[in-house]
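For reference, target35.cif (mmCIF, C-alpha atoms):
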```
data_entry
loop_
_atom_site.label_atom_id
_atom_site.label_comp_id
_atom_site.auth_asym_id
_atom_site.auth_seq_id
_atom_site.Cartn_x
_atom_site.Cartn_y
_atom_site.Cartn_z
CA MET A 1 6.34 7.39 -1.32
CA CYS A 2 4.95 3.85 -1.01
CA THR A 3 6.21 0.27 -1.10
CA SER A 4 4.02 -2.84 -1.39
CA LEU A 5 4.79 -6.54 -1.73
CA ILE A 6 3.36 -10.03 -1.24
CA TYR A 7 4.98 -12.80 0.83
CA ARG A 8 4.13 -16.50 0.99
CA ASP A 9 4.55 -19.03 3.81
CA THR A 10 5.65 -22.66 3.44
CA ALA A 11 2.09 -23.71 2.55
CA GLY A 12 1.84 -21.06 -0.17
CA ARG A 13 -0.60 -18.86 1.77
CA VAL A 14 -0.41 -15.20 0.75
CA TYR A 15 0.32 -12.15 2.91
CA PHE A 16 0.54 -8.54 1.83
CA GLY A 17 2.36 -5.52 3.26
CA ARG A 18 2.64 -1.87 2.31
CA THR A 19 3.90 1.42 3.66
CA LEU A 20 2.64 4.89 2.83
CA GLU A 21 5.02 7.86 2.93
CA LEU A 22 4.07 11.52 2.68
CA THR A 23 5.37 14.79 4.12
CA MET A 24 2.25 15.23 6.28
CA ASN A 25 -0.49 13.19 7.92
CA LEU A 26 -3.81 13.20 6.10
CA PRO A 27 -7.01 12.72 8.14
CA TYR A 28 -6.90 8.95 7.65
CA ARG A 29 -9.87 6.95 8.86
CA VAL A 30 -10.27 3.20 9.19
CA VAL A 31 -13.66 2.09 7.88
CA PHE A 32 -15.62 -1.14 7.85
CA PHE A 33 -17.89 -1.24 4.79
CA PRO A 34 -20.65 -3.90 5.07
CA VAL A 35 -22.33 -6.04 2.44
CA GLY A 36 -25.11 -3.97 0.89
CA PHE A 37 -23.28 -0.64 1.20
CA GLU A 38 -24.28 1.51 -1.77
CA ASN A 39 -21.92 4.00 -3.34
CA THR A 40 -22.22 6.38 -6.29
CA SER A 41 -19.18 7.48 -8.27
CA GLN A 42 -19.82 10.87 -9.85
CA ILE A 43 -17.61 12.90 -12.19
CA LYS A 44 -18.90 16.27 -13.33
CA GLY A 45 -20.33 16.00 -16.83
CA GLU A 46 -20.29 12.18 -16.89
CA THR A 47 -22.98 9.57 -16.25
CA PRO A 48 -22.79 8.52 -12.58
CA LEU A 49 -22.15 4.90 -11.60
CA THR A 50 -23.97 3.39 -8.62
CA TYR A 51 -22.87 0.02 -7.21
CA THR A 52 -23.73 -2.05 -4.15
CA ALA A 53 -21.17 -4.01 -2.15
CA LYS A 54 -21.41 -7.80 -2.45
CA HIS A 55 -18.44 -8.20 -0.13
CA ALA A 56 -17.62 -6.59 3.21
CA PHE A 57 -14.24 -4.95 3.57
CA PHE A 58 -11.88 -2.97 5.78
CA ALA A 59 -10.18 0.11 4.35
CA ILE A 60 -7.82 2.90 5.30
CA THR A 61 -9.46 5.92 3.72
CA MET A 62 -9.18 9.64 3.08
CA PRO A 63 -11.81 12.25 2.23
CA VAL A 64 -11.73 13.95 -1.16
CA VAL A 65 -12.38 17.33 0.51
CA LEU A 66 -10.54 18.33 3.69
CA PRO A 67 -13.15 18.20 6.49
CA ALA A 68 -13.90 21.30 8.50
CA PRO A 69 -12.52 21.22 12.06
CA GLY A 70 -14.64 18.83 14.12
CA ALA A 71 -16.55 17.53 11.10
CA ARG A 72 -17.06 13.78 10.70
CA PRO A 73 -17.18 12.59 7.07
CA THR A 74 -19.68 9.86 6.24
CA ALA A 75 -18.51 6.51 4.91
CA SER A 76 -19.65 7.55 1.41
CA GLU A 77 -17.28 10.53 1.50
CA LEU A 78 -14.25 8.40 2.38
CA LYS A 79 -12.13 6.86 -0.39
CA PRO A 80 -10.12 3.65 0.19
CA LEU A 81 -6.34 3.90 -0.10
CA GLU A 82 -5.78 0.39 1.22
CA GLY A 83 -8.22 -2.42 1.89
CA LEU A 84 -9.01 -6.10 2.39
CA ASN A 85 -12.33 -7.80 1.64
CA ASP A 86 -14.02 -10.96 2.92
CA LYS A 87 -12.69 -13.03 -0.01
CA GLY A 88 -9.07 -12.05 0.58
CA LEU A 89 -8.91 -9.44 -2.18
CA THR A 90 -6.69 -6.43 -1.42
CA PHE A 91 -6.56 -2.98 -3.00
CA SER A 92 -3.75 -0.43 -2.72
CA LEU A 93 -3.41 3.12 -3.99
CA LEU A 94 0.18 4.35 -4.49
CA SER A 95 1.53 7.69 -5.66
CA TYR A 96 2.23 8.04 -9.39
CA PRO A 97 2.65 11.65 -10.62
CA ASN A 98 2.56 10.76 -14.35
CA ALA A 99 -1.03 9.52 -14.26
CA SER A 100 -2.77 12.60 -15.67
CA GLY A 101 -3.09 13.40 -19.34
CA LYS A 102 -5.65 13.48 -22.14
CA GLN A 103 -8.27 10.78 -21.64
CA PRO A 104 -10.56 9.20 -24.24
CA PRO A 105 -14.23 10.24 -23.96
CA ALA A 106 -16.49 7.84 -22.08
CA PRO A 107 -19.63 6.39 -23.69
CA ALA A 108 -22.57 8.63 -22.83
CA SER A 109 -24.81 5.64 -22.15
CA LYS A 110 -22.54 4.00 -19.57
CA GLY A 111 -21.84 4.93 -15.96
CA VAL A 112 -18.29 6.20 -15.42
CA LEU A 113 -16.15 5.19 -12.45
CA SER A 114 -13.86 7.84 -10.99
CA ALA A 115 -10.38 6.42 -10.42
CA ILE A 116 -10.54 7.57 -6.79
CA ASP A 117 -13.45 5.12 -6.33
CA LEU A 118 -11.57 2.11 -7.71
CA GLY A 119 -10.99 0.86 -4.16
CA SER A 120 -14.61 0.75 -3.04
CA TRP A 121 -15.69 -0.60 -6.44
CA ALA A 122 -13.12 -3.44 -6.55
CA LEU A 123 -13.25 -4.44 -2.88
CA GLY A 124 -17.03 -4.36 -2.74
CA GLN A 125 -17.72 -6.10 -6.04
CA PHE A 126 -15.12 -8.78 -6.64
CA ALA A 127 -13.42 -11.82 -5.10
CA THR A 128 -10.45 -12.32 -7.42
CA VAL A 129 -7.96 -10.42 -9.53
CA ALA A 130 -9.35 -12.16 -12.63
CA GLU A 131 -12.81 -10.73 -11.90
CA VAL A 132 -11.45 -7.21 -11.48
CA LYS A 133 -9.43 -7.44 -14.67
CA ALA A 134 -12.39 -8.76 -16.67
CA ALA A 135 -14.71 -6.03 -15.35
CA LEU A 136 -12.24 -3.29 -16.26
CA GLN A 137 -12.34 -4.37 -19.90
CA SER A 138 -15.80 -2.80 -20.22
CA GLN A 139 -15.98 -0.36 -17.28
CA PRO A 140 -15.04 3.24 -18.20
CA VAL A 141 -12.67 4.72 -15.59
CA MET A 142 -11.63 8.36 -15.60
CA LEU A 143 -9.28 10.54 -13.58
CA GLU A 144 -10.59 13.63 -11.88
CA ALA A 145 -9.15 16.59 -10.00
CA LEU A 146 -9.08 16.09 -6.22
CA PRO A 147 -9.83 19.14 -4.04
CA ILE A 148 -7.86 17.77 -1.07
CA LEU A 149 -4.74 17.73 -3.27
CA GLY A 150 -5.23 21.28 -4.48
CA GLY A 151 -6.90 20.14 -7.70
CA ALA A 152 -4.19 17.67 -8.73
CA VAL A 153 -5.61 15.05 -11.10
CA ALA A 154 -5.59 11.70 -9.22
CA PRO A 155 -1.78 11.21 -9.15
CA PHE A 156 -1.92 7.49 -8.34
CA HIS A 157 -1.67 3.98 -9.68
CA TYR A 158 -3.34 0.96 -8.09
CA VAL A 159 -2.58 -2.66 -7.18
CA VAL A 160 -5.00 -5.53 -6.57
CA HIS A 161 -4.00 -8.90 -5.05
CA ASP A 162 -6.06 -11.98 -4.20
CA ALA A 163 -5.71 -15.01 -1.94
CA THR A 164 -4.17 -17.09 -4.75
CA GLY A 165 -1.29 -14.62 -5.05
CA ALA A 166 -2.48 -13.19 -8.37
CA SER A 167 -1.58 -9.52 -8.76
CA LEU A 168 -2.83 -6.77 -11.08
CA VAL A 169 -1.48 -3.25 -11.62
CA ILE A 170 -3.95 -0.60 -12.80
CA GLU A 171 -1.90 2.29 -14.10
CA PHE A 172 -2.90 5.49 -15.82
CA HIS A 173 0.05 6.90 -17.74
CA ASN A 174 -0.48 10.27 -19.41
CA GLY A 175 -4.23 9.67 -19.08
CA GLU A 176 -4.32 6.22 -20.68
CA MET A 177 -5.24 3.18 -18.57
CA HIS A 178 -3.00 0.11 -18.70
CA LEU A 179 -3.59 -3.24 -16.98
CA TYR A 180 -0.52 -5.30 -16.11
CA ASP A 181 -0.26 -8.75 -14.59
CA ASN A 182 2.34 -8.40 -11.83
CA PRO A 183 4.61 -11.47 -11.74
CA VAL A 184 6.72 -10.20 -8.81
CA GLY A 185 3.89 -8.94 -6.57
CA VAL A 186 5.82 -5.73 -5.81
CA MET A 187 4.93 -2.10 -6.44
CA THR A 188 6.41 1.30 -5.59
CA ASN A 189 5.99 4.53 -7.57
CA GLY A 190 7.38 5.93 -10.84
CA PRO A 191 8.54 5.29 -13.50
CA GLU A 192 5.79 3.22 -15.10
CA PHE A 193 5.43 -0.38 -13.91
CA SER A 194 6.74 -1.95 -17.12
CA TRP A 195 9.98 0.02 -16.69
CA HIS A 196 10.49 -1.46 -13.21
CA LEU A 197 10.20 -4.98 -14.61
CA THR A 198 12.71 -4.21 -17.35
CA ASN A 199 15.09 -2.71 -14.77
CA LEU A 200 15.22 -6.07 -12.97
CA ASP A 201 17.29 -7.29 -15.94
CA ASN A 202 20.12 -5.29 -14.35
CA TYR A 203 20.03 -7.40 -11.17
CA THR A 204 20.42 -10.98 -12.43
CA TYR A 205 23.45 -11.37 -10.14
CA LEU A 206 21.44 -10.95 -6.92
CA SER A 207 21.42 -13.91 -4.54
CA ASN A 208 20.98 -14.32 -0.80
CA VAL A 209 24.06 -16.57 -0.60
CA ASP A 210 27.04 -14.80 0.97
CA ARG A 211 30.27 -15.24 -0.95
CA SER A 212 32.56 -14.49 1.95
CA VAL A 213 35.86 -16.01 0.77
CA SER A 214 37.85 -15.31 -2.39
CA SER A 215 41.40 -14.67 -3.57
CA PHE A 216 43.25 -12.10 -5.65
CA GLY A 217 46.50 -13.53 -6.99
CA GLY A 218 48.19 -15.01 -3.97
CA LEU A 219 46.08 -13.03 -1.50
CA LYS A 220 43.22 -14.82 0.22
CA VAL A 221 40.45 -12.49 1.35
CA MET A 222 37.62 -13.14 3.78
CA GLN A 223 34.66 -11.14 5.01
CA PRO A 224 34.71 -10.55 8.79
CA ASP A 225 30.91 -10.67 8.94
CA SER A 226 27.87 -12.07 7.15
CA GLY A 227 25.68 -10.02 4.79
CA ILE A 228 27.88 -9.41 1.75
CA ALA A 229 25.09 -10.82 -0.46
CA THR A 230 23.13 -7.59 -0.05
CA GLU A 231 26.02 -5.41 -1.25
CA GLY A 232 24.50 -5.25 -4.73
CA LEU A 233 21.13 -3.91 -3.58
CA PRO A 234 20.37 -0.24 -4.28
CA ALA A 235 20.69 1.78 -1.09
CA SER A 236 18.49 4.79 -1.84
CA ASN A 237 14.87 5.36 -0.83
CA THR A 238 13.90 6.21 -4.40
CA SER A 239 11.02 4.27 -5.92
CA VAL A 240 13.49 2.52 -8.25
CA GLY A 241 15.72 1.42 -5.37
CA ARG A 242 12.81 0.34 -3.19
CA PHE A 243 11.29 -1.73 -5.99
CA VAL A 244 14.47 -3.80 -6.37
CA ARG A 245 14.88 -4.21 -2.60
CA ALA A 246 11.25 -5.23 -2.20
CA VAL A 247 11.62 -7.91 -4.90
CA TYR A 248 14.73 -9.18 -3.10
CA TYR A 249 13.14 -9.35 0.35
CA ALA A 250 9.94 -10.93 -0.93
CA GLN A 251 11.97 -13.52 -2.85
CA PHE A 252 14.53 -14.49 -0.23
CA ALA A 253 12.94 -13.99 3.20
CA GLU A 254 12.62 -17.41 4.85
CA LYS A 255 9.17 -18.94 4.48
CA ALA A 256 7.37 -19.17 7.80
CA ALA A 257 5.70 -22.44 8.82
CA SER A 258 2.56 -20.94 10.41
CA PRO A 259 0.29 -17.97 9.67
CA ASP A 260 1.19 -16.15 12.90
CA HIS A 261 4.91 -16.51 12.18
CA ALA A 262 4.29 -15.43 8.59
CA VAL A 263 2.68 -12.18 9.74
CA THR A 264 5.65 -11.56 12.05
CA THR A 265 8.07 -12.26 9.19
CA LEU A 266 6.16 -9.88 6.94
CA GLY A 267 6.44 -7.23 9.65
CA HIS A 268 10.23 -7.71 9.69
CA ILE A 269 10.32 -7.38 5.89
CA MET A 270 8.31 -4.15 5.92
CA ASN A 271 10.60 -2.69 8.60
CA ASN A 272 13.18 -2.38 5.82
CA PHE A 273 10.95 0.24 4.18
CA ASP A 274 9.99 2.14 7.35
CA ARG A 275 11.22 5.73 7.07
CA PRO A 276 11.74 8.07 10.04
CA ARG A 277 11.31 11.82 9.62
CA GLY A 278 14.42 13.65 8.49
CA ILE A 279 16.20 10.76 6.77
CA THR A 280 15.87 12.66 3.49
CA ILE A 281 14.75 16.28 3.26
CA ASP A 282 13.78 18.67 0.47
CA TYR A 283 14.14 22.44 0.71
CA PRO A 284 11.53 24.54 -1.12
CA GLU A 285 14.12 26.07 -3.43
CA SER A 286 15.27 22.63 -4.61
CA GLY A 287 12.05 22.15 -6.56
CA GLY A 288 11.42 18.62 -5.30
CA ALA A 289 7.95 17.28 -6.12
CA GLN A 290 5.92 16.68 -2.96
CA MET A 291 2.24 15.86 -2.58
CA GLU A 292 0.88 18.75 -0.52
CA VAL A 293 -2.56 19.29 0.97
CA PRO A 294 -3.75 22.90 1.34
CA GLY A 295 -4.68 23.56 4.96
CA LEU A 296 -2.61 20.66 6.29
CA ASP A 297 1.00 21.18 7.31
CA ASP A 298 2.77 18.88 9.76
CA ARG A 299 6.11 20.58 9.44
CA SER A 300 5.56 23.00 12.35
CA GLY A 301 7.41 25.84 10.69
CA GLN A 302 10.30 23.67 9.48
CA ALA A 303 12.10 24.99 6.43
CA TYR A 304 12.09 21.63 4.68
CA ALA A 305 9.78 18.76 3.73
CA THR A 306 10.58 15.21 4.82
CA GLU A 307 8.75 12.07 3.79
CA PHE A 308 8.03 9.58 6.55
CA SER A 309 6.04 6.36 6.92
CA CYS A 310 2.64 7.71 7.91
CA TRP A 311 1.37 4.16 8.33
CA THR A 312 2.15 0.54 7.55
CA SER A 313 -0.40 -2.19 6.94
CA LEU A 314 -0.11 -5.98 6.84
CA ALA A 315 -2.80 -8.38 5.59
CA ASP A 316 -3.32 -12.11 6.02
CA LEU A 317 -5.37 -12.86 2.92
CA ASP A 318 -6.33 -16.39 4.01
CA ARG A 319 -7.59 -15.49 7.49
CA ARG A 320 -8.93 -12.04 6.43
CA LEU A 321 -6.87 -10.21 9.06
CA MET A 322 -5.50 -6.68 8.77
CA PHE A 323 -2.75 -5.22 10.96
CA LEU A 324 -2.21 -1.45 11.14
CA ARG A 325 0.27 0.92 12.76
CA ASP A 326 0.87 4.63 12.29
CA TYR A 327 4.06 6.64 12.69
CA ARG A 328 3.69 7.00 16.44
CA SER A 329 3.67 3.28 17.14
CA LEU A 330 5.87 0.23 16.62
CA ASN A 331 2.99 -2.11 17.46
CA TYR A 332 0.26 -3.26 15.09
CA ALA A 333 -3.45 -3.16 15.84
CA ARG A 334 -5.18 -6.33 14.62
CA LEU A 335 -8.52 -6.20 12.79
CA ASP A 336 -10.47 -9.43 12.16
CA LEU A 337 -12.98 -9.15 9.32
CA ALA A 338 -14.81 -12.29 10.44
CA ALA A 339 -15.74 -10.54 13.70
CA PHE A 340 -17.84 -8.07 11.67
CA ALA A 341 -19.94 -10.76 9.97
CA GLY A 342 -23.18 -9.59 11.59
CA VAL A 343 -22.57 -5.86 11.24
CA ARG A 344 -24.84 -4.17 8.71
CA GLU A 345 -23.79 -0.52 9.07
CA PRO A 346 -20.42 1.10 8.33
CA ARG A 347 -18.01 1.71 11.19
CA VAL A 348 -15.60 4.68 11.05
CA MET A 349 -12.72 5.70 13.30
CA LEU A 350 -9.58 7.80 13.04
CA LEU A 351 -6.48 5.75 12.27
CA ASP A 352 -4.59 7.32 15.16
CA GLY A 353 -7.25 5.92 17.49
CA LEU A 354 -5.51 2.56 17.06
CA THR A 355 -2.15 3.91 18.23
CA GLY A 356 -0.51 2.83 21.47
CA ALA A 357 -1.77 -0.73 21.96
CA ALA A 358 1.31 -2.17 23.68
CA LEU A 359 1.97 -5.11 25.96
CA GLU A 360 2.64 -3.92 29.50
CA GLY A 361 5.65 -5.96 30.59
CA THR A 362 5.77 -5.06 34.29
CA PRO A 363 2.96 -7.38 35.48
CA VAL A 364 4.21 -10.15 33.21
CA LEU A 365 7.65 -10.05 34.81
CA MET A 366 6.20 -9.55 38.30
CA ASN A 367 4.12 -12.74 37.97
CA SER A 368 6.89 -14.83 36.46
CA ARG A 369 8.60 -17.68 38.29
CA ALA A 370 10.99 -16.65 41.04
CA ALA A 371 14.63 -17.45 40.26
#
```

Entire entry expressed as structure tokens:
Amino acid sequence: MCTSLIYRDTAGRVYFGRTLELTMNLPYRVVFFPVGFENTSQIKGETPLTYTAKHAFFAITMPVVLPAPGARPTASELKPLEGLNDKGLTFSLLSYPNASGKQPPAPASKGVLSAIDLGSWALGQFATVAEVKAALQSQPVMLEALPILGGAVAPFHYVVHDATGASLVIEFHNGEMHLYDNPVGVMTNGPEFSWHLTNLDNYTYLSNVDRSVSSFGGLKVMQPDSGIATEGLPASNTSVGRFVRAVYYAQFAEKAASPDHAVTTLGHIMNNFDRPRGITIDYPESGGAQMEVPGLDDRSGQAYATEFSCWTSLADLDRRLMFLRDYRSLNYARLDLAAFAGVREPRVMLLDGLTGAALEGTPVLMNSRAA
């Protein structure tokens, strides 16, 4: 359902990319949250937690409750799925069906943070992964049922990165929260994160060096093309296969010499995880687990569900730039957080409002030098 990874350029600057795959489009909105934005996290029966943003941030968001036709949710009603703040901290929410389970009771005297508010809490409060990790040692966090997902209990895990390249996984497994330092900077979905790291023990042979010539007895053999080094990579779009491929691409993609080239390189890397509709399908009778939203159905009467890349985001953590594209576009819309330095109120727009920004080539060619 989702793939995320970090990439570094020749100077060690950090860039982050992720895709989000579902079987339908949610009412995604892009939001700018300013310094001073106040939010309250409230779980029924628990002490609410109110916090004020010390850092401005961009986020791709979703509402907890499906809006009525024509309704416009407020910024407070929108929950970050992906974001970047003014210190270069990123937050990502990725699907993880095994999150729910029995949770320990929270202290009655302490405000409780709903897991669905982790994004606004982390992006608005902290500058580094170390700060987030330290705060979570004493901050109670609980899962809650989400109306937009038909009452499913927050089926997600979460990743935080900072401008140094530090990476933290926040994972609820059977209701219990675990914090993992992420040495590879990659995340997909299930099984649990620690399993993915152990599974890398099965891929010690991977290298980006083509071994194109060999011999068997007296027979010399030679590859007719380059690329044999990738033969050992898993080919499927499962979370297990994508995790290994993401580690490979993040490790071996050539390091760009400038930030602009690094963003372009990251875009090429993430293209390897871009999924068109119909590449894999699930029929209802097969019993495949899909994240469905009551009242939203993009399948137009189709007899199957198909996951596709609803959107892809790239982030330049050093320059505080975010690049977004949805399924209908191959071009990225660029968002510069520094340009919002004087803005004191939230800004909200539909993600698909950024679709279609393309370079018109006709006038460029028309005005070029005559041959």

Pull the closest atom pair for each residue of region 193-282 of chain A that gets at most 10 Å from region 307-313 of chain A, along with the distance in Å to one decimal, counting all atoms listed in the file, ordering rows by chain and then ascending residue number, as JSON lines.
```
{"residue": "A:Gly267", "atom": "CA", "partner": "A:Ser313", "partner_atom": "CA", "distance": 8.9}
{"residue": "A:Met270", "atom": "CA", "partner": "A:Thr312", "partner_atom": "CA", "distance": 7.9}
{"residue": "A:Asn271", "atom": "CA", "partner": "A:Thr312", "partner_atom": "CA", "distance": 9.1}
{"residue": "A:Phe273", "atom": "CA", "partner": "A:Ser309", "partner_atom": "CA", "distance": 8.3}
{"residue": "A:Asp274", "atom": "CA", "partner": "A:Ser309", "partner_atom": "CA", "distance": 5.8}
{"residue": "A:Arg275", "atom": "CA", "partner": "A:Phe308", "partner_atom": "CA", "distance": 5.0}
{"residue": "A:Pro276", "atom": "CA", "partner": "A:Phe308", "partner_atom": "CA", "distance": 5.3}
{"residue": "A:Arg277", "atom": "CA", "partner": "A:Phe308", "partner_atom": "CA", "distance": 5.0}
{"residue": "A:Gly278", "atom": "CA", "partner": "A:Glu307", "partner_atom": "CA", "distance": 7.5}
{"residue": "A:Ile279", "atom": "CA", "partner": "A:Glu307", "partner_atom": "CA", "distance": 8.1}
{"residue": "A:Thr280", "atom": "CA", "partner": "A:Glu307", "partner_atom": "CA", "distance": 7.2}
{"residue": "A:Ile281", "atom": "CA", "partner": "A:Glu307", "partner_atom": "CA", "distance": 7.3}
{"residue": "A:Asp282", "atom": "CA", "partner": "A:Glu307", "partner_atom": "CA", "distance": 8.9}
```

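Using only C-alpha atoms, the shortest contact distance between Met322 (chain A) and any of A:Gly232, A:Gly83, A:Pro147, A:Gly70 is found at A:Gly83.
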
Resolved residues for the PyMOL selection byres ((chain A and resi 170) around 9) as a PyMOL selection string: chain A and resi 133+157-160+168-169+171-172+177-180

For those residues, write C-alpha atoms to a file as a tab-separated table (two decimals), in the frame of the given file.
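Final output, part-v4.tsv:
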```tsv
chain	number	residue	atom	x	y	z
A	133	LYS	CA	-9.43	-7.44	-14.67
A	157	HIS	CA	-1.67	3.98	-9.68
A	158	TYR	CA	-3.34	0.96	-8.09
A	159	VAL	CA	-2.58	-2.66	-7.18
A	160	VAL	CA	-5.00	-5.53	-6.57
A	168	LEU	CA	-2.83	-6.77	-11.08
A	169	VAL	CA	-1.48	-3.25	-11.62
A	171	GLU	CA	-1.90	2.29	-14.10
A	172	PHE	CA	-2.90	5.49	-15.82
A	177	MET	CA	-5.24	3.18	-18.57
A	178	HIS	CA	-3.00	0.11	-18.70
A	179	LEU	CA	-3.59	-3.24	-16.98
A	180	TYR	CA	-0.52	-5.30	-16.11
```

Mind checking which residues fall within 7 Å of region 106-118 of chain A, counting all atoms listed in the file, ignoring those fewer than 3 positions away in the same chain, and posting them as a PyMOL selection string? chain A and resi 41-43+46-49+79+121-122+140-144+154

Would you mind listing what lies within 8 Å of Asn189 (chain A) as a list of chain:residue names, with all atoms listed in the file counted and same-chain residues fewer than 2 positions away left out?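 In the requested format, the answer is A:Met1, A:Cys2, A:Thr3, A:Leu94, A:Ser95, A:Tyr96, A:His157, A:Met187, A:Pro191, A:Glu192, A:Ser239, A:Val240.
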
From the list A:Asn174, A:Ser215, A:Gln251, A:Thr204, which residue is nearest Ala99 (chain A) when using all atoms listed in the file?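 Closest residue, counting all atoms listed in the file: A:Asn174.
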
Ranking A:Gly218, A:Gly119, A:Pro104, A:Pro63 by minimum distance to Pro80 (chain A) and counting only C-alpha atoms, which one comes first? A:Gly119

Would you mind putting N, CA, C and O atoms back on region 201-214 of chain A and writing the result as a CSV table (one decimal), keeping the file's coordinate frame?
```
chain,number,residue,atom,x,y,z
A,201,ASP,N,16.3,-6.6,-15.1
A,201,ASP,CA,17.3,-7.3,-15.9
A,201,ASP,C,18.7,-6.9,-15.5
A,201,ASP,O,19.7,-7.6,-15.8
A,202,ASN,N,18.8,-5.8,-14.8
A,202,ASN,CA,20.1,-5.3,-14.4
A,202,ASN,C,20.6,-5.9,-13.0
A,202,ASN,O,21.6,-5.6,-12.5
A,203,TYR,N,19.7,-6.8,-12.5
A,203,TYR,CA,20.0,-7.4,-11.2
A,203,TYR,C,20.0,-8.9,-11.2
A,203,TYR,O,19.7,-9.6,-10.2
A,204,THR,N,20.4,-9.5,-12.3
A,204,THR,CA,20.4,-11.0,-12.4
A,204,THR,C,21.4,-11.6,-11.5
A,204,THR,O,21.3,-12.8,-11.2
A,205,TYR,N,22.4,-10.8,-11.0
A,205,TYR,CA,23.4,-11.4,-10.1
A,205,TYR,C,23.0,-11.5,-8.7
A,205,TYR,O,23.7,-12.1,-7.9
A,206,LEU,N,21.8,-11.0,-8.3
A,206,LEU,CA,21.4,-11.0,-6.9
A,206,LEU,C,21.2,-12.4,-6.4
A,206,LEU,O,20.5,-13.2,-7.1
A,207,SER,N,21.6,-12.6,-5.2
A,207,SER,CA,21.4,-13.9,-4.5
A,207,SER,C,21.5,-13.6,-3.1
A,207,SER,O,22.1,-12.6,-2.6
A,208,ASN,N,20.9,-14.5,-2.3
A,208,ASN,CA,21.0,-14.3,-0.8
A,208,ASN,C,22.1,-15.1,-0.2
A,208,ASN,O,22.3,-15.2,1.0
A,209,VAL,N,22.9,-15.8,-1.1
A,209,VAL,CA,24.1,-16.6,-0.6
A,209,VAL,C,25.3,-15.7,-0.5
A,209,VAL,O,25.8,-15.1,-1.5
A,210,ASP,N,25.8,-15.6,0.8
A,210,ASP,CA,27.0,-14.8,1.0
A,210,ASP,C,28.2,-15.5,0.3
A,210,ASP,O,28.5,-16.7,0.5
A,211,ARG,N,29.0,-14.7,-0.5
A,211,ARG,CA,30.3,-15.2,-1.0
A,211,ARG,C,31.3,-14.5,-0.1
A,211,ARG,O,31.8,-13.4,-0.5
A,212,SER,N,31.7,-15.2,0.9
A,212,SER,CA,32.6,-14.5,2.0
A,212,SER,C,34.0,-14.8,1.8
A,212,SER,O,34.8,-14.2,2.6
A,213,VAL,N,34.4,-15.7,0.9
A,213,VAL,CA,35.9,-16.0,0.8
A,213,VAL,C,36.2,-15.9,-0.7
A,213,VAL,O,35.5,-16.4,-1.6
A,214,SER,N,37.4,-15.4,-1.0
A,214,SER,CA,37.8,-15.3,-2.4
A,214,SER,C,39.4,-15.1,-2.4
A,214,SER,O,40.0,-15.2,-1.3
```
